[in-house]
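Novice: This is the content of input_39.cif (mmCIF, C-alpha atoms):
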data_entry
loop_
_atom_site.label_atom_id
_atom_site.label_comp_id
_atom_site.auth_asym_id
_atom_site.auth_seq_id
_atom_site.Cartn_x
_atom_site.Cartn_y
_atom_site.Cartn_z
CA MET A 1 117.84 228.24 102.39
CA HIS A 2 115.65 226.80 99.62
CA VAL A 3 116.64 223.49 98.07
CA TYR A 4 114.94 222.62 94.78
CA ILE A 5 114.74 218.92 93.92
CA TYR A 6 114.24 218.51 90.14
CA ASP A 7 112.83 215.13 89.12
CA ASP A 8 114.74 213.19 86.46
CA TYR A 9 112.04 213.48 83.78
CA LEU A 10 112.62 217.23 83.68
CA ASN A 11 115.90 216.60 81.84
CA LYS A 12 113.84 216.29 78.64
CA GLY A 13 114.20 219.25 76.28
CA LYS A 14 110.46 219.96 76.18
CA TYR A 15 110.59 221.20 79.78
CA ASN A 16 113.55 223.61 79.25
CA ARG A 17 111.43 226.64 78.49
CA ILE A 18 109.05 226.19 81.38
CA ILE A 19 111.94 225.59 83.80
CA ASN A 20 113.79 228.67 82.57
CA ARG A 21 110.69 230.80 83.16
CA MET A 22 110.24 229.28 86.61
CA GLU A 23 113.87 229.94 87.56
CA ILE A 24 113.64 233.59 86.40
CA ARG A 25 110.48 234.03 88.45
CA LEU A 26 112.12 232.51 91.55
CA THR A 27 115.11 234.85 91.13
CA ASP A 28 112.79 237.86 90.75
CA LEU A 29 111.08 236.89 94.00
CA GLY A 30 114.41 236.38 95.80
CA LEU A 31 113.68 232.67 96.27
CA ASN A 32 116.63 231.23 94.42
CA GLY A 33 118.51 228.41 96.11
CA LYS A 34 120.36 225.19 95.57
CA ILE A 35 119.23 222.92 92.73
CA ILE A 36 119.53 219.13 92.93
CA ARG A 37 118.73 217.09 89.82
CA LEU A 38 117.60 213.56 90.69
CA GLY A 39 118.63 212.34 87.21
CA GLY A 40 122.28 212.08 88.14
CA ILE A 41 121.88 210.80 91.70
CA LYS A 42 121.85 207.17 92.84
CA ASN A 43 121.33 207.76 96.56
CA ILE A 44 118.26 210.01 96.50
CA LYS A 45 117.41 209.43 100.18
CA GLY A 46 120.92 210.23 101.34
CA THR A 47 121.12 213.40 99.24
CA ILE A 48 117.80 214.80 100.52
CA GLN A 49 118.62 213.88 104.13
CA ASN A 50 121.99 215.57 103.81
CA GLU A 51 120.38 218.84 102.67
CA ILE A 52 118.13 218.83 105.74
CA ARG A 53 121.17 218.20 107.97
CA LEU A 54 122.87 221.15 106.31
CA GLY A 55 119.95 223.36 107.37
CA ALA A 56 117.56 223.56 104.40
CA LYS A 57 114.55 225.64 105.49
CA THR A 58 112.43 224.63 102.51
CA ILE A 59 112.68 221.54 100.33
CA VAL A 60 110.82 222.14 97.07
CA ALA A 61 109.67 219.22 94.92
CA VAL A 62 109.88 220.32 91.28
CA GLY A 63 108.02 217.75 89.21
CA ASN A 64 104.85 215.72 89.79
CA ASN A 65 103.11 213.44 92.34
CA GLN A 66 105.97 210.95 92.19
CA THR A 67 108.52 213.67 93.03
CA VAL A 68 106.56 214.62 96.14
CA ASN A 69 106.26 210.97 97.15
CA LYS A 70 110.00 210.36 96.60
CA ILE A 71 110.87 213.25 98.91
CA ILE A 72 108.40 212.23 101.61
CA GLY A 73 109.62 208.62 101.32
CA ALA A 74 113.20 209.83 101.80
CA ILE A 75 112.40 211.61 105.06
CA ILE A 76 109.62 209.84 106.95
CA ASP A 77 110.72 207.33 109.60
CA THR A 78 114.41 208.23 109.23
CA ASP A 79 116.84 209.77 111.73
CA ILE A 80 116.39 213.14 110.04
CA TYR A 81 112.58 213.22 110.32
CA GLY A 82 112.54 215.01 113.71
CA ASP A 83 114.64 217.87 112.31
CA PHE A 84 112.56 217.96 109.16
CA GLN A 85 109.28 218.27 111.05
CA LYS A 86 110.58 221.04 113.31
CA LYS A 87 112.62 223.13 110.89
CA THR A 88 111.82 222.35 107.28
CA LEU A 89 108.85 223.05 105.03
CA LEU A 90 107.94 221.14 101.90
CA GLY A 91 107.03 223.15 98.81
CA ILE A 92 105.82 221.94 95.42
CA ILE A 93 106.33 223.34 91.92
CA PRO A 94 104.21 221.23 89.54
CA ILE A 95 105.54 220.72 86.02
CA GLY A 96 103.82 218.55 83.42
CA GLY A 97 100.97 216.09 84.09
CA ASP A 98 100.14 213.81 87.05
CA ASN A 99 100.03 216.66 89.53
CA SER A 100 96.85 216.01 91.49
CA ILE A 101 98.69 216.45 94.81
CA ALA A 102 99.76 220.00 93.90
CA GLU A 103 96.26 220.79 92.60
CA SER A 104 94.71 219.62 95.87
CA PHE A 105 97.02 222.05 97.66
CA GLY A 106 95.80 224.85 95.39
CA ILE A 107 98.99 224.93 93.29
CA ASN A 108 97.90 224.78 89.66
CA ASN A 109 101.02 225.73 87.68
CA GLY A 110 104.71 226.57 88.02
CA GLU A 111 104.34 230.34 88.04
CA GLU A 112 101.57 230.26 90.66
CA ALA A 113 103.73 227.87 92.69
CA CYS A 114 106.52 230.51 92.91
CA ASN A 115 104.10 233.07 94.36
CA ILE A 116 102.77 230.46 96.80
CA LEU A 117 106.33 229.70 97.97
CA LEU A 118 106.78 233.39 98.67
CA ALA A 119 103.51 233.63 100.64
CA ARG A 120 104.54 230.62 102.83
CA ARG A 121 101.05 229.58 103.89
CA VAL A 122 101.73 226.39 105.84
CA GLU A 123 99.42 223.46 106.67
CA LYS A 124 100.25 220.37 108.72
CA ILE A 125 99.24 217.40 106.59
CA ASP A 126 98.38 213.82 107.66
CA LEU A 127 99.88 210.84 105.91
CA GLY A 128 98.17 207.51 105.31
CA LEU A 129 100.08 204.40 106.30
CA VAL A 130 99.81 200.92 104.76
CA ASP A 131 102.21 198.31 106.03
CA LYS A 132 105.43 200.38 105.96
CA HIS A 133 104.38 202.60 103.05
CA TYR A 134 103.25 206.17 103.66
CA PHE A 135 100.92 207.84 101.20
CA LEU A 136 99.67 211.35 100.69
CA ASN A 137 96.87 210.78 98.19
CA GLN A 138 95.03 207.47 98.32
CA VAL A 139 95.11 203.69 98.08
CA SER A 140 92.72 201.77 95.85
CA ILE A 141 91.59 198.21 95.11
CA GLN A 142 89.04 196.47 92.88
CA GLY A 143 85.63 196.41 94.54
CA LEU A 144 84.10 192.98 93.88
CA GLY A 145 85.06 190.50 96.60
CA THR A 146 86.74 193.11 98.78
CA ILE A 147 85.97 192.98 102.49
CA LEU A 148 86.56 196.03 104.66
CA GLU A 149 86.74 195.62 108.44
CA ILE A 150 86.29 198.65 110.68
CA ASP A 151 86.06 198.45 114.49
CA ASN A 152 82.90 196.42 115.17
CA TYR A 153 81.60 195.95 111.65
CA SER A 154 82.57 194.80 108.20
CA LEU A 155 81.52 195.71 104.66
CA GLU A 156 81.39 193.31 101.75
CA ILE A 157 81.27 194.72 98.24
CA MET A 158 78.90 192.71 96.05
CA ALA A 159 79.46 194.36 92.66
CA LYS A 160 82.31 195.38 90.34
CA GLY A 161 83.82 198.76 90.99
CA GLU A 162 86.59 200.47 92.88
CA VAL A 163 87.35 201.10 96.55
CA ARG A 164 89.40 204.20 97.34
CA ILE A 165 90.78 205.07 100.77
CA ILE A 166 91.57 208.75 100.52
CA ASN A 167 93.75 211.04 102.63
CA LEU A 168 94.14 213.94 100.25
CA LEU A 169 92.01 214.39 97.19
CA SER A 170 89.39 216.66 95.84
CA ASP A 171 87.64 215.33 92.81
CA LYS A 172 85.59 218.26 91.60
CA LYS A 173 83.58 216.19 89.09
CA ARG A 174 82.46 213.62 91.65
CA GLU A 175 82.40 216.07 94.52
CA ILE A 176 84.60 213.93 96.74
CA LYS A 177 85.99 216.11 99.46
CA SER A 178 88.69 214.92 101.75
CA ASN A 179 90.47 216.82 104.48
CA PRO A 180 94.13 215.83 104.94
CA HIS A 181 94.39 217.24 108.45
CA ASP A 182 91.31 215.84 110.15
CA GLY A 183 92.99 212.59 111.28
CA LEU A 184 90.54 210.55 109.20
CA LEU A 185 90.64 208.47 106.04
CA ASP A 186 87.71 208.85 103.67
CA VAL A 187 86.46 205.60 102.20
CA PHE A 188 84.78 205.99 98.81
CA ILE A 189 83.30 203.00 96.98
CA LYS A 190 81.94 203.42 93.47
CA THR A 191 80.13 200.48 91.91
CA ARG A 192 77.67 200.06 89.04
CA GLY A 193 75.85 203.15 87.80
CA LYS A 194 75.56 205.87 90.36
CA ASP A 195 75.84 203.56 93.34
CA GLU A 196 78.21 205.21 95.80
CA THR A 197 79.24 204.47 99.36
CA TYR A 198 81.26 206.76 101.57
CA PHE A 199 82.23 207.14 105.20
CA SER A 200 85.23 208.15 107.31
CA THR A 201 87.38 206.09 109.64
CA LYS A 202 90.73 206.15 111.41
CA LYS A 203 91.79 202.67 110.37
CA ILE A 204 90.51 199.93 108.15
CA LYS A 205 91.53 196.38 107.30
CA ILE A 206 91.26 195.44 103.63
CA SER A 207 91.05 191.88 102.28
CA ASN A 208 90.75 190.70 98.69
CA PRO A 209 92.39 187.39 97.72
CA GLU A 210 92.12 188.15 93.99
CA ASN A 211 93.41 191.71 93.78
CA LYS A 212 96.24 193.86 95.10
CA LEU A 213 96.01 197.18 96.90
CA ILE A 214 97.57 200.02 94.90
CA ILE A 215 99.25 202.86 96.81
CA ASP A 216 99.15 206.29 95.14
CA GLY A 217 98.69 204.56 91.77
CA VAL A 218 102.21 203.07 91.84
CA VAL A 219 103.09 200.52 94.55
CA GLU A 220 101.10 197.25 94.68
CA ILE A 221 100.80 195.17 97.85
CA ASN A 222 98.97 192.01 98.80
CA THR A 223 96.06 191.93 101.22
CA PRO A 224 94.91 191.49 103.97
CA VAL A 225 96.48 194.70 105.13
CA GLU A 226 95.61 197.49 107.56
CA VAL A 227 95.41 201.11 106.40
CA GLY A 228 95.79 203.80 109.03
CA ILE A 229 96.53 207.49 109.35
CA THR A 230 99.31 209.41 111.06
CA ARG A 231 98.47 212.98 112.02
CA ASP A 232 100.27 216.20 111.09
CA ARG A 233 103.36 214.48 109.66
CA VAL A 234 104.50 217.03 107.07
CA ASN A 235 104.45 220.84 106.96
CA ILE A 236 103.52 221.80 103.42
CA ILE A 237 103.33 225.22 101.78
CA VAL A 238 99.87 225.46 100.24
CA GLY A 239 97.91 227.88 98.09
CA LYS A 240 94.85 229.79 99.28
CA ASP A 241 92.70 227.89 96.76
CA ARG A 242 93.47 224.50 98.29
CA ALA A 243 90.74 221.88 98.15
CA PHE A 244 90.21 221.60 101.92
CA GLU A 245 89.51 223.82 104.92
CA MET B 246 52.42 213.46 103.97
CA PHE B 247 55.56 211.56 103.06
CA ASN B 248 57.46 213.79 100.71
CA LYS B 249 60.73 211.90 100.38
CA ASP B 250 62.54 214.69 98.57
CA SER B 251 61.83 217.31 101.20
CA LYS B 252 62.60 214.88 104.01
CA LEU B 253 65.91 214.06 102.32
CA GLU B 254 66.99 217.72 102.48
CA LYS B 255 68.55 217.12 105.88
CA PHE B 256 70.54 214.19 104.45
CA LYS B 257 72.27 216.27 101.79
CA ASP B 258 75.42 216.36 103.89
CA ALA B 259 75.21 212.77 105.15
CA GLU B 260 78.55 211.70 106.61
CA THR B 261 77.87 208.05 105.83
CA VAL B 262 76.20 206.50 102.78
CA ILE B 263 75.98 202.74 102.30
CA GLY B 264 75.19 201.97 98.64
CA SER B 265 72.94 199.23 97.30
CA SER B 266 75.82 196.89 96.40
CA ILE B 267 77.22 196.87 99.93
CA LYS B 268 76.50 194.36 102.70
CA VAL B 269 77.32 195.51 106.23
CA LYS B 270 77.65 193.10 109.15
CA GLY B 271 78.14 194.10 112.79
CA ASN B 272 77.44 197.01 115.08
CA PHE B 273 77.32 200.05 112.87
CA GLN B 274 77.53 203.29 114.82
CA GLY B 275 77.84 206.88 113.62
CA GLN B 276 77.61 210.42 114.92
CA GLY B 277 76.37 212.07 111.74
CA ASN B 278 73.54 211.49 109.29
CA ILE B 279 73.43 208.02 107.74
CA ILE B 280 71.83 206.80 104.52
CA ILE B 281 71.42 203.04 104.02
CA GLU B 282 70.58 201.80 100.51
CA GLY B 283 72.18 198.35 100.84
CA ALA B 284 71.97 195.44 103.30
CA LEU B 285 72.83 195.60 106.99
CA GLU B 286 72.85 192.90 109.67
CA GLY B 287 73.60 193.61 113.33
CA SER B 288 72.73 196.92 114.95
CA LEU B 289 72.51 200.49 113.71
CA LYS B 290 72.86 203.56 115.89
CA THR B 291 73.47 207.26 115.28
CA ASP B 292 73.06 210.46 117.28
CA ALA B 293 71.77 212.21 114.17
CA ASN B 294 69.37 211.23 111.39
CA LEU B 295 68.88 207.97 109.53
CA PHE B 296 67.37 207.23 106.13
CA ILE B 297 66.63 203.65 105.07
CA GLY B 298 66.20 203.58 101.26
CA GLU B 299 63.63 201.68 99.24
CA GLN B 300 66.05 198.91 98.18
CA ALA B 301 67.60 198.54 101.64
CA LYS B 302 67.25 195.38 103.72
CA VAL B 303 68.11 195.92 107.37
CA VAL B 304 68.12 193.12 109.94
CA ALA B 305 69.04 195.10 113.02
CA ASN B 306 67.82 197.04 116.00
CA ILE B 307 67.88 200.73 115.11
CA GLU B 308 68.35 203.79 117.31
CA SER B 309 68.47 207.33 115.96
CA LYS B 310 67.07 210.85 116.34
CA ASP B 311 64.98 211.28 113.18
CA VAL B 312 64.34 208.18 111.07
CA ILE B 313 62.88 207.89 107.58
CA ILE B 314 62.08 204.38 106.39
CA ALA B 315 61.29 203.43 102.80
CA GLY B 316 62.82 199.92 102.80
CA GLU B 317 62.63 196.70 104.81
CA VAL B 318 63.58 196.56 108.49
CA ARG B 319 63.56 193.41 110.62
CA GLY B 320 64.26 194.55 114.17
CA ASN B 321 63.16 197.08 116.75
CA ILE B 322 63.25 200.77 115.89
CA LYS B 323 63.71 203.66 118.32
CA ALA B 324 63.31 207.12 116.79
CA LYS B 325 63.95 209.53 119.65
CA ASN B 326 62.40 212.43 117.81
CA TYR B 327 60.52 211.81 114.56
CA LEU B 328 59.78 208.66 112.56
CA ALA B 329 58.47 208.78 108.97
CA ILE B 330 57.35 205.49 107.43
CA GLY B 331 56.91 205.54 103.65
CA SER B 332 54.47 203.56 101.49
CA THR B 333 57.18 201.08 100.43
CA ALA B 334 58.36 200.39 103.99
CA LYS B 335 58.11 196.94 105.57
CA ILE B 336 58.77 196.80 109.28
CA PHE B 337 58.88 193.59 111.32
CA GLY B 338 59.55 194.65 114.90
CA ASP B 339 58.47 197.04 117.63
CA VAL B 340 58.62 200.75 116.94
CA GLN B 341 59.24 203.52 119.50
CA TYR B 342 58.96 207.15 118.46
CA GLY B 343 58.49 210.74 119.60
CA GLU B 344 56.33 211.72 116.64
CA ILE B 345 55.25 209.55 113.72
CA SER B 346 53.84 209.70 110.21
CA ILE B 347 52.82 206.58 108.28
CA GLU B 348 52.03 206.56 104.59
CA ARG B 349 49.31 204.38 103.10
CA GLY B 350 50.71 201.05 101.88
CA ALA B 351 53.34 200.67 104.59
CA VAL B 352 53.53 197.28 106.33
CA ILE B 353 54.15 197.26 110.08
CA ASN B 354 54.18 194.00 112.01
CA GLY B 355 54.90 194.96 115.61
CA GLN B 356 53.92 197.28 118.42
CA LEU B 357 53.83 201.05 118.04
CA LEU B 358 54.89 202.77 121.26
CA ILE B 359 55.17 206.50 121.81
CA LEU B 360 58.18 207.52 123.89
CA SER B 361 57.17 209.29 127.11
CA GLU B 362 57.96 212.99 127.42
CA GLU B 363 60.33 212.15 130.28
CA HIS B 364 62.15 209.55 128.15
CA ARG B 365 62.54 212.02 125.30
CA LYS B 366 63.86 214.71 127.66
CA ASN B 367 66.40 212.25 129.09
CA ASP B 368 67.54 211.23 125.61
CA LYS B 369 67.81 214.87 124.57
CA ALA B 370 69.85 215.72 127.67
CA LYS B 371 72.16 212.76 126.99
CA GLY B 372 72.59 213.90 123.40
CA GLU B 373 73.45 217.47 124.45
CA GLU B 374 75.91 216.16 127.04
CA LYS B 375 77.62 214.06 124.36
CA GLU B 376 77.76 217.04 122.00
CA SER B 377 79.33 219.28 124.64
CA GLN B 378 81.89 216.55 125.46
CA LEU B 379 82.75 216.27 121.77
CA GLU B 380 83.15 220.07 121.51
CA LYS B 381 85.56 220.00 124.46
#
Here is a file; write its structure as structure tokens.

Specialist:
Amino acid sequence: MHVYIYDDYLNKGKYNRIINRMEIRLTDLGLNGKIIRLGGIKNIKGTIQNEIRLGAKTIVAVGNNQTVNKIIGAIIDTDIYGDFQKKTLLGIIPIGGDNSIAESFGINNGEEACNILLARRVEKIDLGLVDKHYFLNQVSIQGLGTILEIDNYSLEIMAKGEVRIINLLSDKKREIKSNPHDGLLDVFIKTRGKDETYFSTKKIKISNPENKLIIDGVVEINTPVEVGITRDRVNIIVGKDRAFE
Amino acid sequence: MFNKDSKLEKFKDAETVIGSSIKVKGNFQGQGNIIIEGALEGSLKTDANLFIGEQAKVVANIESKDVIIAGEVRGNIKAKNYLAIGSTAKIFGDVQYGEISIERGAVINGQLLILSEEHRKNDKAKGEEKESQLEK
């Protein structure tokens, strides 16, 4: 059974038309299922966990990056996670902006997403871990004054800029490629002009007394903190044009 | 003799790049190609190729397969295969190599020692053994 989780911002009238078209397409493809609207729900975690207990084969995030993160956050490290990993797939139908996660999985719009759900091409995806927060995309912090410690060496950043620790991202303009099932985090540091630094690692300790680490552009946490990776945590339905091998 | 652009061809897909505004301290070790444009103190080792850029300042012992040096290195260098030293390079330390090219203008303050054929074969065998272990 498919369970579609609609994010609360989709209640706005401007999304009615696009959602209607998506629902017609899903019905045409025989993919219709239960719809849950997060707008009217207080216990999001409990609701999603309950659907998995009831035997949902596919949980589909209808919305944007935050919707995907809410669903992953509701499942990882809970009693239901074992069942989820064995029996349930995560699908994504991107609607509106802020959908870089879907784009990285080769899902560029709602209609394409329906066809991708039908094709059921599945990839096991790693998740980054900071403190107790899991992330799919990346964490970032201001560059100047940041110290990164990796195994037997450390890096000090001497100029203004940004440090990004990436699990899943493909920035076509800057040609950053990152593979979310290689068990590695990609560290990308951009400072003045065209000065770029990049390398891969399994874990990294980040310190910056002046600035906070930002997880997936939303959650801020203080440093020092260790960023790691957990392998093959979520089974996600992806498109053939995904940004990684 | 020292055509930097053509030599850099093999670094197009470098796994590790350290930019000019980065200072690295410690034992830096990699398995892929490495480009250093910033500062490094400690030791530097890779099974693949290493490029030290013109602005780079490295205070470390270096071990790699092919090495191209355009910046400053204070420490001993071991290039198991080929070592190219550019006109802007400043090296303060002993240098071991399989093959070498040195461009006019380079400063080298240390001994130049060619690696024996036996030594190179041993290093090559070790490298292949490591690669096969990694493949497994």

Novice: Which is closer to chain A than all the others in B:Ile347, B:Ala370, B:Ala259, B:Ile359, using only C-alpha atoms?

Specialist: B:Ala259

Novice: Rounded to one decimal place, report the atom CA of A:Glu51-atom CA of A:Tyr134 distance in Å.

Specialist: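 Spanning atom CA of A:Glu51 to atom CA of A:Tyr134 is a straight-line distance of 21.3 Å.
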
Novice: Quick one: distance from atom CA of B:Ser346 to atom CA of B:Thr261 in Å, one decimal?

Specialist: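 Taking atom CA of B:Ser346 and atom CA of B:Thr261, their separation equals 24.5 Å.
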
Novice: Which of these residues is nearest to B:Gln356, using all atoms listed in the file: B:Asn326, B:Thr333, B:Asn321, B:Gln276?

Specialist: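 Of the candidates, the smallest distance to B:Gln356 is held by B:Asn321.
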
Novice: What gap, in Å, lies between atom CA of B:Gly338 and atom CA of B:Ile322?

Specialist: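 Atom-to-atom, atom CA of B:Gly338 and atom CA of B:Ile322 are spaced 7.2 Å apart.
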
Novice: Apply the PyMOL selection byres ((chain B) within 7 of (chain A)) to the file shown and report the selected residues as a list in words.

Specialist: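 Selected by the PyMOL selection byres ((chain B) within 7 of (chain A)) in this file: Glu260, Thr261, Val262, Ile263, Gly264, Ser265, Ser266, Ile267, Lys268, Val269, Lys270, Gly271, Asn272 and Phe273 of chain B.
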
Novice: Near A:Gly96, counting only C-alpha atoms, which residues have an atom at most 8 Å away, once you skip same-chain residues fewer than 3 positions from it, shown as a PyMOL selection string?

Specialist: chain A and resi 63-64+99

Novice: Please evaluate the PyMOL selection byres ((chain B and resi 279) around 10) against the structure above and give the resulting residues as an MDAnalysis selection string.

Specialist: (chainID A and resid 199) or (chainID B and resid 256 258:263 274:278 280:282 289:297 309 312)

Novice: Taking the file as shown, what set of residues would the PyMOL selection byres ((chain A and resi 118) around 10) give back, as a ChimeraX atom specification?

Specialist: /A:26,29-31,113-117,119-121,237

Novice: Which residues are close to stretch 8-20 of chain A, i.e. within 12 Å by all atoms listed in the file, leaving aside same-chain residues fewer than 6 positions away? Reply as a list in words.

Specialist: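 Residues near the query, excluding close chain neighbours: Leu26, Thr27, Ile35, Ile36, Arg37, Leu38, Gly39, Gly40, Ile41, Lys42, Ile44, Ala61, Val62, Gly63, Asn64, Gln66, Thr67, Lys70, Ile93, Pro94, Ile95, Gly96, Gly97, Asn109, Gly110, Glu111 and Cys114 of chain A.
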